[in-house]
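Novice: Attaching a single structure in structure tokens format; questions to follow.
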Amino acid sequence: MPVPPSRAPLRLPHVVCSLVLLVLLAGCGAGGLAGTGPGGATTERAPVNGVPGPPGSAASAAGAPSHEVTALPSAPDPSPLPTEIPGLGPKTRAAIPATARQAFVVTGEGPDSNRSTAVLYTLDGPAGPGWRPALGPWPAHNALNGWTGEHWEGDLRSPVGVFTLTAAGGRLDPPDKALLPYDLSPDFAVTGEGFHGEPLEGSFDYVIAIDYNRVPGTSPLDHGRPLGEERGGGIWVHVDHGGPTQGCVSVTEDRMKQLLGALDPAMEPVIVMGDAESLGR
């Protein structure tokens, strides 16, 4: 007769139990074993180091591990606004030709003052878009009685406005690197005294013609007056003699040399001149 089966619980050997336990622990900690998702589909866990699983896995379908944050691209910095020449109002800025890339700005202390400040600006320099100071600020003189928006012969005021600079000249040889057309002539000699008794000799050793009531590009000595003789003329930038002028702008000799070496006809330079209130309009 067969021996009836034992009803005692089946006991597995200790070695088998240990192997089962190791498999379970590996499945919880490594996250790399296959399991089943909803509906019994086989899925792949993402490795703990954040590297996505193989194609078709849950990690690949999601595009990235759940703990990884994808940074949004930052918006590009807005382009800086071009810098304007300080102290100039919209009317004065509009008078500067669009093709001009150099502006010698002479700002008077007041409408009746003969003292001013001069700065050379260049457009779109290496520091960025807009106008940037290149030379100055320098102290300067203008006409004895200050400034006027309607210059007349003998009023002893400098004309307010924006004028081109197209020619230079003087009694001395042009400085190195001078690019403006230069008229070297002994006729630039001058004698006598200024309004304060200062000697005028040497004032016209270097001059730059301001294209007020003159034919641009001609010698500063040219006497053509398109607006008529009564509207004055012969308005220059010249060497300072230590006092006010009859209508010109003056800076020291060393600064005249710097200015002549910097002005470039290819940059179509202009002079912007007047009292601060007028230029601010």
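Please note that chains go A, B, ... in the order of the structure tokens, that every chain numbers its residues from 1, and that ligands are numbered from 1 in the order shown.
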Write out as an MDAnalysis selection string which residues come within 9 Å of Glu277 in chain A when counting only C-alpha atoms, dropping same-chain ones fewer than 5 positions away.
Specialist: chainID A and resid 87 108:111
Novice: Could the residues of range 158-233 of chain A that have an atom at most 12 Å from range 135-144 of chain A be listed as a tab-separated table, each with its closest atom pair and the distance in Å to one decimal, counting only C-alpha atoms and ordered by chain and ascending residue number?
Specialist:
residue	atom	partner	partner_atom	distance
A:Ser158	CA	A:Ala143	CA	5.3
A:Pro159	CA	A:Ala143	CA	9.1
A:Val160	CA	A:Asn142	CA	11.0
A:Gly194	CA	A:Leu144	CA	10.1
A:Phe195	CA	A:Leu144	CA	8.0
A:His196	CA	A:Leu144	CA	10.2
Novice: Hey, what does DSSP flag as alpha helix (DSSP H) within range 61-241 of chain A? Can you give it to me as a list in words?
Specialist: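 Secondary structure check on range 61-241 of chain A, alpha helix (DSSP H): Ala61, Ala62, Pro90, Lys91, Thr92, Arg93, Ala94 and Ala95 of chain A.
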Novice: Those same residues, written as a PDB file, in the first residue's frame with all heavy atoms?
Specialist:
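The result, written out as selection_35.pdb:
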ATOM      1  N   ALA A  61      10.697  56.452 -23.755  1.00  0.00           N
ATOM      2  CA  ALA A  61       9.417  57.000 -24.176  1.00  0.00           C
ATOM      3  C   ALA A  61       9.145  58.322 -23.496  1.00  0.00           C
ATOM      4  O   ALA A  61       8.553  59.232 -24.065  1.00  0.00           O
ATOM      5  CB  ALA A  61       8.304  55.997 -23.857  1.00  0.00           C
ATOM      6  N   ALA A  62       9.583  58.451 -22.249  1.00  0.00           N
ATOM      7  CA  ALA A  62       9.371  59.703 -21.526  1.00  0.00           C
ATOM      8  C   ALA A  62      10.339  60.777 -21.973  1.00  0.00           C
ATOM      9  O   ALA A  62      10.132  61.950 -21.727  1.00  0.00           O
ATOM     10  CB  ALA A  62       9.544  59.458 -20.024  1.00  0.00           C
ATOM     11  N   PRO A  90      16.729 116.938 -30.202  1.00  0.00           N
ATOM     12  CA  PRO A  90      16.289 116.291 -31.451  1.00  0.00           C
ATOM     13  C   PRO A  90      16.493 117.159 -32.689  1.00  0.00           C
ATOM     14  O   PRO A  90      16.819 116.646 -33.754  1.00  0.00           O
ATOM     15  CB  PRO A  90      14.809 115.995 -31.198  1.00  0.00           C
ATOM     16  CG  PRO A  90      14.416 116.874 -30.048  1.00  0.00           C
ATOM     17  CD  PRO A  90      15.639 117.046 -29.222  1.00  0.00           C
ATOM     18  N   LYS A  91      16.313 118.464 -32.576  1.00  0.00           N
ATOM     19  CA  LYS A  91      16.499 119.345 -33.733  1.00  0.00           C
ATOM     20  C   LYS A  91      17.957 119.365 -34.178  1.00  0.00           C
ATOM     21  O   LYS A  91      18.254 119.300 -35.383  1.00  0.00           O
ATOM     22  CB  LYS A  91      16.036 120.761 -33.389  1.00  0.00           C
ATOM     23  CG  LYS A  91      16.154 121.756 -34.534  1.00  0.00           C
ATOM     24  CD  LYS A  91      15.646 123.135 -34.124  1.00  0.00           C
ATOM     25  CE  LYS A  91      15.809 124.147 -35.267  1.00  0.00           C
ATOM     26  NZ  LYS A  91      15.320 125.491 -34.859  1.00  0.00           N
ATOM     27  N   THR A  92      18.870 119.435 -33.212  1.00  0.00           N
ATOM     28  CA  THR A  92      20.296 119.456 -33.549  1.00  0.00           C
ATOM     29  C   THR A  92      20.744 118.110 -34.109  1.00  0.00           C
ATOM     30  O   THR A  92      21.482 118.054 -35.101  1.00  0.00           O
ATOM     31  CB  THR A  92      21.134 119.812 -32.313  1.00  0.00           C
ATOM     32  OG1 THR A  92      20.679 121.067 -31.779  1.00  0.00           O
ATOM     33  CG2 THR A  92      22.607 119.929 -32.659  1.00  0.00           C
ATOM     34  N   ARG A  93      20.289 117.025 -33.478  1.00  0.00           N
ATOM     35  CA  ARG A  93      20.669 115.695 -33.987  1.00  0.00           C
ATOM     36  C   ARG A  93      20.172 115.487 -35.408  1.00  0.00           C
ATOM     37  O   ARG A  93      20.858 114.888 -36.239  1.00  0.00           O
ATOM     38  CB  ARG A  93      20.122 114.608 -33.066  1.00  0.00           C
ATOM     39  CG  ARG A  93      20.804 114.518 -31.714  1.00  0.00           C
ATOM     40  CD  ARG A  93      20.553 113.169 -31.050  1.00  0.00           C
ATOM     41  NE  ARG A  93      19.132 112.917 -30.853  1.00  0.00           N
ATOM     42  CZ  ARG A  93      18.466 113.189 -29.753  1.00  0.00           C
ATOM     43  NH1 ARG A  93      19.089 113.774 -28.736  1.00  0.00           N
ATOM     44  NH2 ARG A  93      17.186 112.904 -29.641  1.00  0.00           N
ATOM     45  N   ALA A  94      18.981 115.983 -35.693  1.00  0.00           N
ATOM     46  CA  ALA A  94      18.424 115.810 -37.040  1.00  0.00           C
ATOM     47  C   ALA A  94      19.221 116.576 -38.086  1.00  0.00           C
ATOM     48  O   ALA A  94      19.188 116.226 -39.271  1.00  0.00           O
ATOM     49  CB  ALA A  94      16.960 116.248 -37.058  1.00  0.00           C
ATOM     50  N   ALA A  95      19.944 117.626 -37.672  1.00  0.00           N
ATOM     51  CA  ALA A  95      20.729 118.419 -38.618  1.00  0.00           C
ATOM     52  C   ALA A  95      22.061 117.762 -38.974  1.00  0.00           C
ATOM     53  O   ALA A  95      22.715 118.177 -39.940  1.00  0.00           O
ATOM     54  CB  ALA A  95      20.978 119.817 -38.041  1.00  0.00           C
TER      55      ALA A  95
END
Novice: Which residues are close to Ala167 in chain A, i.e. within 12 Å by only C-alpha atoms, leaving aside same-chain residues fewer than 6 positions away? Reply as a PyMOL selection string.
Specialist: chain A and resi 174+178-184+206-211+214-222+236-237+260+263-265+268-270
Novice: Counting only C-alpha atoms, figure out which residue out of A:Gly170, A:Pro186, A:Gly234, A:Gly280 gets nearest to Tyr212 in chain A.
Specialist: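 That would be A:Gly234, the residue with the smallest distance to Tyr212 in chain A.
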Novice: Find the distance between CA of Val249 in chain A and CA of Gly149 in chain A and write it in Å to one decimal.
Specialist: 15.5 Å
